[in-house]
Structure formats: C-alpha cells, structure tokens
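The block underneath contains the structure these notes are about, expressed in structure tokens.
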Amino acid sequence: MTESSGAAPDVASLSFEQARDELVRVVAELEQGAPTLEHSLALWERGEALAARCDEWLLGAKRRLDAARSAVDPSAAESA
C-alpha cells in the first residue's frame, strides 16, 4: 500500500484505477504467500473490499452509459 503512514487508504475513497491497481498488488502478494495466517486474512479482506469497490465503479459506469443511451434513443432503455 502506498501511504507513508503505513495505513491503507479507505476503500470508499479510491478511484476505480486506484482500487484495481491495489487489488492487483494484493493478489500478487497473496500468490507469493504471506508470512502469517493473520496477514493472509488481512490481505484477503482488503482484496474483497477492493473488488467490491471496483464493482461499484463498474455498475455506476454501466448506469451512466445506459442513461446516456436512453437519452439519445429512448427505445434503447427498453432493450437493455
């Protein structure tokens, strides 16, 4: 994690790109094997939170695209 204080930033404050990049780092660290079970569990929990944050961003982006499409073509909302 990138903060100098050692504390990870709040997941809710991360952009999609930040959450995705940190999730990639967490997965890589889990794949290499954490030194303790407790550390592995903490990484897993952080990864789950980061994945959920990415999903939030992607769902929000889909809603925006759907809204933009329906504004241009109202029949597009019916087929989505």
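Residues are named by chain letter and number: chains run A, B, ... in the order of the structure tokens, numbers start at 1 in each chain, and ligands are numbered from 1 in the order shown.
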
Practice prompt. Write out as a VMD selection string each polymer residue whose atoms come within 10 Å of range 33-48 of chain A, counting only C-alpha atoms; drop sequence neighbours fewer than 4 positions from it.
Written response: chain A and resid 8 11 19 to 20 22 to 29 52 to 54

How would the residues just chosen look if you wrote them out with N, CA and C atoms as a PDB file, in the first residue's frame?
```
ATOM      1  N   ALA A   8      -3.513   1.803   5.064  1.00  0.00           N
ATOM      2  CA  ALA A   8      -4.093   1.779   3.721  1.00  0.00           C
ATOM      3  C   ALA A   8      -5.209   2.821   3.644  1.00  0.00           C
ATOM      4  N   VAL A  11     -11.097   2.334   1.372  1.00  0.00           N
ATOM      5  CA  VAL A  11     -11.502   1.806   0.067  1.00  0.00           C
ATOM      6  C   VAL A  11     -12.549   2.698  -0.588  1.00  0.00           C
ATOM      7  N   ALA A  19      -8.230   1.417  -6.944  1.00  0.00           N
ATOM      8  CA  ALA A  19      -8.699   0.158  -6.363  1.00  0.00           C
ATOM      9  C   ALA A  19      -8.214  -1.032  -7.182  1.00  0.00           C
ATOM     10  N   ARG A  20      -8.286  -0.913  -8.498  1.00  0.00           N
ATOM     11  CA  ARG A  20      -7.836  -2.001  -9.376  1.00  0.00           C
ATOM     12  C   ARG A  20      -6.343  -2.265  -9.203  1.00  0.00           C
ATOM     13  N   GLU A  22      -4.390  -1.524  -6.643  1.00  0.00           N
ATOM     14  CA  GLU A  22      -4.094  -2.092  -5.331  1.00  0.00           C
ATOM     15  C   GLU A  22      -4.552  -3.549  -5.271  1.00  0.00           C
ATOM     16  N   LEU A  23      -5.681  -3.861  -5.890  1.00  0.00           N
ATOM     17  CA  LEU A  23      -6.162  -5.240  -5.919  1.00  0.00           C
ATOM     18  C   LEU A  23      -5.152  -6.149  -6.619  1.00  0.00           C
ATOM     19  N   VAL A  24      -4.560  -5.670  -7.697  1.00  0.00           N
ATOM     20  CA  VAL A  24      -3.529  -6.445  -8.394  1.00  0.00           C
ATOM     21  C   VAL A  24      -2.356  -6.711  -7.455  1.00  0.00           C
ATOM     22  N   ARG A  25      -1.937  -5.697  -6.691  1.00  0.00           N
ATOM     23  CA  ARG A  25      -0.821  -5.872  -5.743  1.00  0.00           C
ATOM     24  C   ARG A  25      -1.180  -6.861  -4.629  1.00  0.00           C
ATOM     25  N   VAL A  26      -2.418  -6.763  -4.126  1.00  0.00           N
ATOM     26  CA  VAL A  26      -2.860  -7.663  -3.060  1.00  0.00           C
ATOM     27  C   VAL A  26      -2.864  -9.106  -3.555  1.00  0.00           C
ATOM     28  N   VAL A  27      -3.400  -9.329  -4.746  1.00  0.00           N
ATOM     29  CA  VAL A  27      -3.442 -10.681  -5.308  1.00  0.00           C
ATOM     30  C   VAL A  27      -2.024 -11.226  -5.491  1.00  0.00           C
ATOM     31  N   ALA A  28      -1.124 -10.395  -6.001  1.00  0.00           N
ATOM     32  CA  ALA A  28       0.261 -10.836  -6.191  1.00  0.00           C
ATOM     33  C   ALA A  28       0.898 -11.214  -4.857  1.00  0.00           C
ATOM     34  N   GLU A  29       0.639 -10.432  -3.822  1.00  0.00           N
ATOM     35  CA  GLU A  29       1.206 -10.733  -2.509  1.00  0.00           C
ATOM     36  C   GLU A  29       0.614 -12.021  -1.939  1.00  0.00           C
ATOM     37  N   ALA A  52     -15.055  -5.254  -4.389  1.00  0.00           N
ATOM     38  CA  ALA A  52     -16.398  -4.676  -4.270  1.00  0.00           C
ATOM     39  C   ALA A  52     -16.398  -3.219  -4.737  1.00  0.00           C
ATOM     40  N   ARG A  53     -15.346  -2.477  -4.421  1.00  0.00           N
ATOM     41  CA  ARG A  53     -15.240  -1.076  -4.858  1.00  0.00           C
ATOM     42  C   ARG A  53     -15.163  -0.992  -6.374  1.00  0.00           C
ATOM     43  N   CYS A  54     -14.392  -1.881  -6.981  1.00  0.00           N
ATOM     44  CA  CYS A  54     -14.314  -1.910  -8.448  1.00  0.00           C
ATOM     45  C   CYS A  54     -15.686  -2.209  -9.042  1.00  0.00           C
TER      46      CYS A  54
END
```

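Between CA of Arg64 in chain A and CA of Ser15 in chain A lies a distance of 16.2 Å.
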
Practice prompt. Pull the helix (DSSP H, G or I) assignments for range 6-72 of chain A out of DSSP run on the backbone, and list those residues as an MDAnalysis selection string.
Written response: chainID A and resid 11:13 16:32 37:72

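Straight-line separation from CA of Asp55 in chain A to CA of Ser13 in chain A: 14.1 Å.
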
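Take CA of Glu31 in chain A and CA of Leu14 in chain A: the distance between them is 23.3 Å.
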
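Shortest atom-to-atom contact with Phe16 in chain A among A:Leu30, A:Leu65, A:Leu59, A:Val72: A:Leu59, counting only C-alpha atoms.
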